[in-house]
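What follows is the content of work_30.cif, which has mmCIF, C-alpha atoms:
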```cif
data_structure
loop_
_atom_site.label_atom_id
_atom_site.label_comp_id
_atom_site.auth_asym_id
_atom_site.auth_seq_id
_atom_site.Cartn_x
_atom_site.Cartn_y
_atom_site.Cartn_z
CA MET A 1 102.36 193.44 97.97
CA GLU A 2 104.07 193.74 101.36
CA ASP A 3 104.48 190.57 103.40
CA LYS A 4 102.25 191.84 106.19
CA LEU A 5 99.47 192.53 103.67
CA LEU A 6 99.85 189.03 102.23
CA VAL A 7 99.44 187.54 105.71
CA ALA A 8 96.46 189.80 106.47
CA LYS A 9 94.79 188.83 103.20
CA THR A 10 95.43 185.17 104.02
CA LEU A 11 93.37 185.56 107.21
CA LEU A 12 90.54 187.04 105.17
CA GLU A 13 90.71 184.19 102.66
CA CYS A 14 90.51 181.71 105.55
CA TYR A 15 87.53 183.37 107.19
CA PRO A 16 84.70 181.99 104.97
CA HIS A 17 85.91 178.42 105.64
CA LEU A 18 86.37 178.63 109.41
CA ASP A 19 82.89 177.59 110.54
CA ASP A 20 82.69 174.60 108.20
CA LEU A 21 86.16 173.40 109.13
CA TYR A 22 85.37 173.82 112.82
CA GLU A 23 82.35 171.54 112.41
CA VAL A 24 84.43 168.93 110.58
CA LEU A 25 87.03 168.93 113.34
CA THR A 26 84.31 168.64 115.96
CA GLY A 27 83.00 165.54 114.21
CA SER A 28 86.52 164.11 114.03
CA SER A 29 87.01 164.74 117.76
CA GLU A 30 83.78 162.96 118.60
CA SER A 31 84.83 159.99 116.47
CA CYS A 32 88.12 159.82 118.35
CA VAL A 33 86.34 159.82 121.69
CA HIS A 34 84.03 157.05 120.52
CA SER A 35 86.92 155.00 119.14
CA GLY A 36 88.89 155.44 122.35
CA PHE A 37 86.29 153.55 124.34
CA TYR A 38 86.77 150.46 122.19
CA ALA A 39 90.54 150.59 121.85
CA ILE A 40 92.16 147.47 123.28
CA PHE A 41 95.86 148.21 123.35
CA PRO A 42 97.39 151.17 125.22
CA SER A 43 99.37 152.20 122.12
CA GLU A 44 96.15 152.36 120.13
CA GLN A 45 94.50 154.47 122.81
CA MET A 46 97.49 156.81 122.90
CA SER A 47 97.38 157.28 119.12
CA ILE A 48 93.67 158.09 119.25
CA TYR A 49 94.06 160.59 122.07
CA GLU A 50 96.98 162.29 120.31
CA ARG A 51 94.75 162.82 117.29
CA LEU A 52 92.03 164.12 119.56
CA ILE A 53 94.42 166.66 121.07
CA ARG A 54 95.50 167.85 117.61
CA TYR A 55 91.89 168.29 116.52
CA GLU A 56 91.06 170.27 119.64
CA GLU A 57 94.15 172.46 119.27
CA ARG A 58 93.17 173.23 115.69
CA LYS A 59 89.65 174.12 116.81
CA VAL A 60 91.06 176.60 119.31
CA GLY A 61 93.23 178.11 116.57
CA LEU A 62 90.28 178.47 114.20
CA TYR A 63 88.17 180.09 116.91
CA ASN A 64 90.97 182.56 117.67
CA MET A 65 91.44 183.30 113.98
CA LYS A 66 87.76 184.11 113.53
CA TYR A 67 87.69 186.30 116.63
CA LEU A 68 90.82 188.18 115.52
CA VAL A 69 89.43 188.94 112.05
CA GLU A 70 86.20 190.29 113.53
CA GLU A 71 88.09 192.25 116.18
CA ALA A 72 90.26 193.93 113.53
CA PHE A 73 87.11 195.09 111.74
CA ARG A 74 85.71 196.43 115.01
CA ARG A 75 88.86 198.41 115.74
CA GLU A 76 89.04 200.19 112.38
CA LYS A 77 86.26 202.14 110.66
CA SER A 78 86.54 203.38 107.07
CA ALA A 79 84.64 203.22 103.79
CA PRO A 80 87.25 200.94 102.15
CA LEU A 81 87.09 198.64 105.16
CA SER A 82 83.31 198.43 104.76
CA LEU A 83 83.74 197.07 101.24
CA LEU A 84 86.35 194.61 102.47
CA LYS A 85 83.92 193.42 105.13
CA GLU A 86 81.19 192.97 102.53
CA LYS A 87 83.47 190.72 100.49
CA TYR A 88 84.95 188.51 103.19
CA ILE A 89 82.57 188.67 106.16
CA ASN A 90 79.21 189.02 104.40
CA LYS A 91 80.44 186.90 101.46
CA ARG A 92 79.09 189.23 98.78
CA SER A 93 80.24 189.02 95.17
CA MET A 94 81.93 191.94 93.42
CA ILE A 95 78.75 192.58 91.43
CA GLN A 96 76.68 192.73 94.61
CA ILE A 97 79.15 195.15 96.21
CA MET A 98 79.16 197.35 93.10
CA GLU A 99 75.36 197.48 93.05
CA LYS A 100 75.04 198.16 96.78
CA TYR A 101 77.54 201.04 96.86
CA GLY A 102 77.02 202.30 93.32
CA VAL A 103 80.69 202.16 92.35
CA SER A 104 82.53 200.90 89.30
CA LEU A 105 84.57 197.71 89.29
CA ARG A 106 87.79 199.71 89.17
CA THR A 107 86.74 201.82 92.16
CA CYS A 108 85.70 198.69 93.99
CA TYR A 109 89.11 197.10 93.54
CA ARG A 110 90.84 200.32 94.60
CA TYR A 111 88.77 200.50 97.79
CA LEU A 112 89.41 196.83 98.57
CA LYS A 113 93.14 197.46 98.29
CA ARG A 114 92.93 200.41 100.68
CA GLY A 115 90.64 198.41 102.95
CA LEU A 116 93.26 195.67 103.22
CA SER A 117 95.75 198.23 104.54
CA ASP A 118 93.18 199.42 107.09
CA PHE A 119 92.49 195.82 108.12
CA CYS A 120 96.21 195.18 108.55
CA ARG A 121 96.43 198.24 110.79
CA GLY A 122 93.53 196.86 112.84
CA LEU A 123 95.44 193.61 113.34
CA GLU A 124 98.51 195.52 114.48
CA ASN A 125 96.43 197.61 116.88
CA ALA A 126 95.13 194.35 118.33
CA GLY A 127 98.74 193.34 118.99
CA PHE A 128 99.19 190.98 116.04
CA SER A 129 102.17 191.73 113.84
CA LYS A 130 103.06 189.61 110.83
CA GLN A 131 105.45 187.57 112.97
CA ARG A 132 102.86 186.90 115.65
CA LEU A 133 100.24 185.90 113.09
CA LEU A 134 102.60 183.38 111.54
CA LEU A 135 103.56 182.09 114.98
CA ASN A 136 99.93 181.56 115.99
CA PHE A 137 98.43 180.32 112.73
CA GLY A 138 101.35 179.31 110.51
CA ASN A 139 100.96 175.59 111.27
CA GLU A 140 97.25 175.48 110.45
CA PRO A 141 96.82 173.61 107.12
CA LEU A 142 94.01 175.93 106.01
CA PHE A 143 96.21 178.97 106.61
CA GLN A 144 99.10 177.37 104.72
CA THR A 145 96.86 176.57 101.75
CA MET A 146 95.43 180.07 101.59
CA LEU A 147 98.83 181.71 102.00
CA THR A 148 100.11 179.76 98.99
CA LYS A 149 97.04 180.87 97.02
CA VAL A 150 97.49 184.53 98.00
CA ILE A 151 101.19 184.53 97.11
CA ARG A 152 100.48 182.93 93.73
CA GLU A 153 97.78 185.50 92.94
CA ASP A 154 100.10 188.32 93.99
CA ASP A 155 102.82 187.02 91.66
CA VAL A 156 100.36 186.90 88.75
CA GLU A 157 99.14 190.43 89.50
CA ARG A 158 102.69 191.76 89.66
CA LEU A 159 103.56 190.18 86.31
CA GLU A 160 100.46 191.68 84.73
CA GLN A 161 101.38 195.11 86.08
CA GLU A 162 104.92 194.78 84.71
CA ARG A 163 103.58 193.80 81.28
CA ALA A 164 101.13 196.69 81.30
CA GLU A 165 103.97 199.07 82.19
CA GLU A 166 106.11 197.73 79.35
CA LYS A 167 103.26 198.19 76.87
CA LYS A 168 102.76 201.72 78.13
CA LYS A 169 106.44 202.52 77.57
CA GLU A 170 106.24 201.07 74.07
CA ARG A 171 103.22 203.23 73.24
CA VAL A 172 104.95 206.34 74.56
CA ALA A 173 108.11 205.59 72.56
CA SER A 174 106.04 204.95 69.44
CA CYS A 175 104.14 208.21 69.83
CA LEU A 176 107.40 210.12 70.32
CA ALA A 177 108.69 208.63 67.07
CA CYS A 178 105.46 209.68 65.41
CA GLU A 179 105.87 213.23 66.68
CA LYS A 180 109.45 213.42 65.39
CA GLU A 181 108.37 212.18 61.98
CA LYS A 182 105.59 214.73 61.85
CA GLU A 183 107.97 217.53 62.83
CA GLY A 184 110.43 216.48 60.14
CA GLU A 185 107.73 216.58 57.47
CA ARG A 186 106.70 220.07 58.55
CA LYS A 187 110.24 221.36 58.27
CA GLY A 188 110.70 219.67 54.90
CA GLY A 189 107.49 221.14 53.52
CA THR A 190 106.15 217.77 52.43
CA PRO A 191 102.45 217.04 52.64
CA GLY A 192 103.12 214.22 55.13
CA GLY A 193 100.27 211.81 55.40
CA VAL A 194 97.66 214.06 53.80
CA ILE A 195 96.15 212.58 50.67
CA ASN A 196 93.11 214.32 49.23
CA ASN A 197 92.64 216.13 52.58
CA ARG A 198 92.17 212.80 54.37
CA ARG A 199 94.26 211.52 57.25
CA THR A 200 96.26 208.39 56.55
CA PRO A 201 98.26 206.39 59.08
CA LEU A 202 102.02 206.60 58.70
CA PRO A 203 103.65 203.37 59.93
CA HIS A 204 107.00 203.64 61.67
CA GLY A 205 109.59 201.24 60.41
CA GLY A 206 106.93 198.88 59.17
CA SER A 207 105.44 198.55 62.65
CA GLY A 208 102.01 199.69 61.54
CA HIS A 209 101.77 202.24 64.35
CA GLY A 210 98.33 203.80 64.29
CA CYS A 211 99.14 207.47 64.91
CA TYR A 212 97.62 209.83 62.35
CA VAL A 213 99.92 212.56 61.10
CA VAL A 214 98.62 215.73 59.44
#
```
How does this structure look as structure tokens?
Amino acid sequence: MEDKLLVAKTLLECYPHLDDLYEVLTGSSESCVHSGFYAIFPSEQMSIYERLIRYEERKVGLYNMKYLVEEAFRREKSAPLSLLKEKYINKRSMIQIMEKYGVSLRTCYRYLKRGLSDFCRGLENAGFSKQRLLLNFGNEPLFQTMLTKVIREDDVERLEQERAEEKKKERVASCLACEKEKEGERKGGTPGGVINNRRTPLPHGGSGHGCYVV
């Protein structure tokens, strides 16, 4: 997956947690204000107010992140983007999305992938490139956690695709060997794998390949 898509997906992964985290930070800010009234030493007061500033800065960042995600959805309109919105904004499960739109799981995943590209384009149209997103949100702990999660999932998906491709090549090579063996038997006039007019599997080199040769 391209880097800009990884960053865009990270924003979507953050979205369901933004409201709850905002409330937690609000509570932490209020605690700092309360503690500041009872602080005795100036150094203690300074430490409390520095924490308060950090909490408030994070709250601003979370608010901006939420607004940006929703703005990107407003700027772009497409069927794949609608499914993406169902998953991340409306917090629907894959089964619920499949039932609502009457699509298969495979189609659902394909549309979500296309929707992510549309969402990324919406971010860019709003003036947020990958670099600007990282500049604005890269220091937010929630964003960092979700980015790590997204990258790890992408690595797993890529490995699975590579393994599937290797298995596909092995099947193709095995079937080609089967075809050559069948052609050789035809030229030699041997009955091949036909025994009593029934098909029998002919293994290749002891591999137990399941092609049936007539």
Which value, in Å to one decimal, gives the distance between CA of Ser117 in chain A and CA of Lys100 in chain A? 22.1 Å
Distance query Asp154 in chain A at most 12 Å, all atoms listed in the file, self and fewer than 3 positions along chain excluded, as a list in words: Met1, Glu2, Asp3, Leu5, Leu6, Val7, Lys9, Thr10, Leu147, Thr148, Lys149, Val150, Ile151, Glu157, Arg158, Leu159, Glu160 and Gln161 of chain A
Residue IDs satisfying the PyMOL selection byres ((chain A and resi 109) around 12), as a ChimeraX atom specification: /A:80-81,83-84,87,94-95,97-98,103-108,110-116
The PyMOL selection byres ((chain A and resi 52) around 8) - which residues does that actually catch in the file I just gave you? List them as a ChimeraX atom specification. /A:28-29,32-33,48-51,53-56
So that I have them on file, write out the residues from the current selection with C-alpha atoms, as a CSV table (one decimal), in the frame of the given file.
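So again-v3.csv came out as:
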```
chain,number,residue,atom,x,y,z
A,28,SER,CA,86.5,164.1,114.0
A,29,SER,CA,87.0,164.7,117.8
A,32,CYS,CA,88.1,159.8,118.4
A,33,VAL,CA,86.3,159.8,121.7
A,48,ILE,CA,93.7,158.1,119.2
A,49,TYR,CA,94.1,160.6,122.1
A,50,GLU,CA,97.0,162.3,120.3
A,51,ARG,CA,94.8,162.8,117.3
A,53,ILE,CA,94.4,166.7,121.1
A,54,ARG,CA,95.5,167.8,117.6
A,55,TYR,CA,91.9,168.3,116.5
A,56,GLU,CA,91.1,170.3,119.6
```
Output check: residues returned by the PyMOL selection byres ((chain A and resi 61) around 10), as JSON, numbers by chain: {"A": [18, 22, 55, 56, 57, 58, 59, 60, 62, 63, 64, 65, 66, 67, 136, 137, 139, 140]}
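Taking CA of Cys14 in chain A and CA of Arg132 in chain A as endpoints, the distance between them is 16.8 Å.
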Given only C-alpha atoms as the counted atoms, nearest of A:Glu153, A:Glu99, A:Glu166, A:Glu70 to Gly122 in chain A: A:Glu70
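Distance-wise, CA of Cys120 in chain A and CA of Ala79 in chain A end up 14.9 Å apart.
If only C-alpha atoms are the atoms counted, then among A:Ala164, A:Val172, A:Leu21, A:Val69 the closest residue to Leu133 in chain A is A:Val69.
Between Glu124 in chain A and the candidates A:Glu76, A:Glu44, A:Asp20, A:Glu13, the tightest atom-to-atom separation, counting only C-alpha atoms, involves A:Glu76.
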Show which residues sit within 10 Å of Ser129 in chain A, as a CSV table (one decimal) with C-alpha atoms, keeping the file's coordinate frame. Count only C-alpha atoms, and ignore same-chain residues fewer than 6 positions away.
```
chain,number,residue,atom,x,y,z
A,4,LYS,CA,102.2,191.8,106.2
A,7,VAL,CA,99.4,187.5,105.7
A,8,ALA,CA,96.5,189.8,106.5
A,120,CYS,CA,96.2,195.2,108.6
A,121,ARG,CA,96.4,198.2,110.8
A,123,LEU,CA,95.4,193.6,113.3
A,135,LEU,CA,103.6,182.1,115.0
```
Counting only C-alpha atoms, which residues come within 10 Å of (90.7, 202.8, 115.8), with the point read in the file's coordinates, and could you list them as a list in words? Ala72, Phe73, Arg74, Arg75, Glu76, Lys77, Ser78, Asp118, Arg121, Gly122, Asn125 and Ala126 of chain A
Will you give me range 48-70 of chain A, written with N, CA, C and O atoms and laid out as a PDB file, in the first residue's frame?
```pdb
ATOM      1  N   ILE A  48       2.284  21.798  36.441  1.00  0.00           N
ATOM      2  CA  ILE A  48       0.855  21.537  36.242  1.00  0.00           C
ATOM      3  C   ILE A  48       0.338  22.267  35.008  1.00  0.00           C
ATOM      4  O   ILE A  48      -0.383  21.703  34.181  1.00  0.00           O
ATOM      5  N   TYR A  49       0.737  23.516  34.857  1.00  0.00           N
ATOM      6  CA  TYR A  49       0.243  24.304  33.731  1.00  0.00           C
ATOM      7  C   TYR A  49       0.838  23.834  32.404  1.00  0.00           C
ATOM      8  O   TYR A  49       0.194  23.937  31.357  1.00  0.00           O
ATOM      9  N   GLU A  50       2.047  23.298  32.442  1.00  0.00           N
ATOM     10  CA  GLU A  50       2.632  22.725  31.221  1.00  0.00           C
ATOM     11  C   GLU A  50       1.839  21.499  30.776  1.00  0.00           C
ATOM     12  O   GLU A  50       1.601  21.301  29.579  1.00  0.00           O
ATOM     13  N   ARG A  51       1.439  20.680  31.748  1.00  0.00           N
ATOM     14  CA  ARG A  51       0.597  19.529  31.414  1.00  0.00           C
ATOM     15  C   ARG A  51      -0.737  19.991  30.860  1.00  0.00           C
ATOM     16  O   ARG A  51      -1.268  19.414  29.907  1.00  0.00           O
ATOM     17  N   LEU A  52      -1.286  21.029  31.464  1.00  0.00           N
ATOM     18  CA  LEU A  52      -2.565  21.563  31.001  1.00  0.00           C
ATOM     19  C   LEU A  52      -2.474  22.028  29.550  1.00  0.00           C
ATOM     20  O   LEU A  52      -3.366  21.749  28.737  1.00  0.00           O
ATOM     21  N   ILE A  53      -1.386  22.700  29.217  1.00  0.00           N
ATOM     22  CA  ILE A  53      -1.189  23.175  27.841  1.00  0.00           C
ATOM     23  C   ILE A  53      -1.098  21.998  26.874  1.00  0.00           C
ATOM     24  O   ILE A  53      -1.684  22.019  25.785  1.00  0.00           O
ATOM     25  N   ARG A  54      -0.376  20.947  27.270  1.00  0.00           N
ATOM     26  CA  ARG A  54      -0.251  19.767  26.398  1.00  0.00           C
ATOM     27  C   ARG A  54      -1.609  19.112  26.166  1.00  0.00           C
ATOM     28  O   ARG A  54      -1.932  18.707  25.043  1.00  0.00           O
ATOM     29  N   TYR A  55      -2.397  19.002  27.228  1.00  0.00           N
ATOM     30  CA  TYR A  55      -3.726  18.406  27.080  1.00  0.00           C
ATOM     31  C   TYR A  55      -4.592  19.228  26.128  1.00  0.00           C
ATOM     32  O   TYR A  55      -5.296  18.678  25.272  1.00  0.00           O
ATOM     33  N   GLU A  56      -4.538  20.540  26.282  1.00  0.00           N
ATOM     34  CA  GLU A  56      -5.362  21.404  25.437  1.00  0.00           C
ATOM     35  C   GLU A  56      -4.895  21.370  23.983  1.00  0.00           C
ATOM     36  O   GLU A  56      -5.707  21.405  23.056  1.00  0.00           O
ATOM     37  N   GLU A  57      -3.596  21.295  23.782  1.00  0.00           N
ATOM     38  CA  GLU A  57      -3.072  21.199  22.412  1.00  0.00           C
ATOM     39  C   GLU A  57      -3.507  19.889  21.760  1.00  0.00           C
ATOM     40  O   GLU A  57      -3.847  19.857  20.571  1.00  0.00           O
ATOM     41  N   ARG A  58      -3.499  18.814  22.535  1.00  0.00           N
ATOM     42  CA  ARG A  58      -3.951  17.536  21.995  1.00  0.00           C
ATOM     43  C   ARG A  58      -5.436  17.584  21.656  1.00  0.00           C
ATOM     44  O   ARG A  58      -5.872  17.025  20.641  1.00  0.00           O
ATOM     45  N   LYS A  59      -6.215  18.249  22.491  1.00  0.00           N
ATOM     46  CA  LYS A  59      -7.653  18.367  22.220  1.00  0.00           C
ATOM     47  C   LYS A  59      -7.900  19.109  20.912  1.00  0.00           C
ATOM     48  O   LYS A  59      -8.766  18.715  20.118  1.00  0.00           O
ATOM     49  N   VAL A  60      -7.139  20.152  20.675  1.00  0.00           N
ATOM     50  CA  VAL A  60      -7.263  20.894  19.413  1.00  0.00           C
ATOM     51  C   VAL A  60      -6.917  19.986  18.236  1.00  0.00           C
ATOM     52  O   VAL A  60      -7.607  19.979  17.208  1.00  0.00           O
ATOM     53  N   GLY A  61      -5.850  19.199  18.386  1.00  0.00           N
ATOM     54  CA  GLY A  61      -5.450  18.284  17.322  1.00  0.00           C
ATOM     55  C   GLY A  61      -6.510  17.234  17.032  1.00  0.00           C
ATOM     56  O   GLY A  61      -6.791  16.919  15.870  1.00  0.00           O
ATOM     57  N   LEU A  62      -7.127  16.695  18.079  1.00  0.00           N
ATOM     58  CA  LEU A  62      -8.176  15.691  17.897  1.00  0.00           C
ATOM     59  C   LEU A  62      -9.400  16.294  17.211  1.00  0.00           C
ATOM     60  O   LEU A  62     -10.016  15.665  16.343  1.00  0.00           O
ATOM     61  N   TYR A  63      -9.742  17.512  17.615  1.00  0.00           N
ATOM     62  CA  TYR A  63     -10.885  18.193  16.987  1.00  0.00           C
ATOM     63  C   TYR A  63     -10.613  18.413  15.500  1.00  0.00           C
ATOM     64  O   TYR A  63     -11.485  18.168  14.653  1.00  0.00           O
ATOM     65  N   ASN A  64      -9.403  18.857  15.179  1.00  0.00           N
ATOM     66  CA  ASN A  64      -9.044  19.092  13.777  1.00  0.00           C
ATOM     67  C   ASN A  64      -9.028  17.794  12.980  1.00  0.00           C
ATOM     68  O   ASN A  64      -9.425  17.762  11.807  1.00  0.00           O
ATOM     69  N   MET A  65      -8.567  16.724  13.616  1.00  0.00           N
ATOM     70  CA  MET A  65      -8.533  15.430  12.944  1.00  0.00           C
ATOM     71  C   MET A  65      -9.946  14.965  12.591  1.00  0.00           C
ATOM     72  O   MET A  65     -10.204  14.500  11.472  1.00  0.00           O
ATOM     73  N   LYS A  66     -10.850  15.101  13.537  1.00  0.00           N
ATOM     74  CA  LYS A  66     -12.231  14.691  13.295  1.00  0.00           C
ATOM     75  C   LYS A  66     -12.864  15.529  12.186  1.00  0.00           C
ATOM     76  O   LYS A  66     -13.525  14.998  11.283  1.00  0.00           O
ATOM     77  N   TYR A  67     -12.644  16.835  12.246  1.00  0.00           N
ATOM     78  CA  TYR A  67     -13.207  17.717  11.222  1.00  0.00           C
ATOM     79  C   TYR A  67     -12.655  17.367   9.842  1.00  0.00           C
ATOM     80  O   TYR A  67     -13.397  17.342   8.849  1.00  0.00           O
ATOM     81  N   LEU A  68     -11.358  17.084   9.766  1.00  0.00           N
ATOM     82  CA  LEU A  68     -10.726  16.789   8.481  1.00  0.00           C
ATOM     83  C   LEU A  68     -11.281  15.507   7.874  1.00  0.00           C
ATOM     84  O   LEU A  68     -11.545  15.446   6.667  1.00  0.00           O
ATOM     85  N   VAL A  69     -11.452  14.468   8.694  1.00  0.00           N
ATOM     86  CA  VAL A  69     -12.006  13.208   8.189  1.00  0.00           C
ATOM     87  C   VAL A  69     -13.399  13.440   7.612  1.00  0.00           C
ATOM     88  O   VAL A  69     -13.720  12.992   6.500  1.00  0.00           O
ATOM     89  N   GLU A  70     -14.230  14.152   8.346  1.00  0.00           N
ATOM     90  CA  GLU A  70     -15.598  14.402   7.888  1.00  0.00           C
ATOM     91  C   GLU A  70     -15.619  15.305   6.659  1.00  0.00           C
ATOM     92  O   GLU A  70     -16.461  15.138   5.768  1.00  0.00           O
TER      93      GLU A  70
END
```
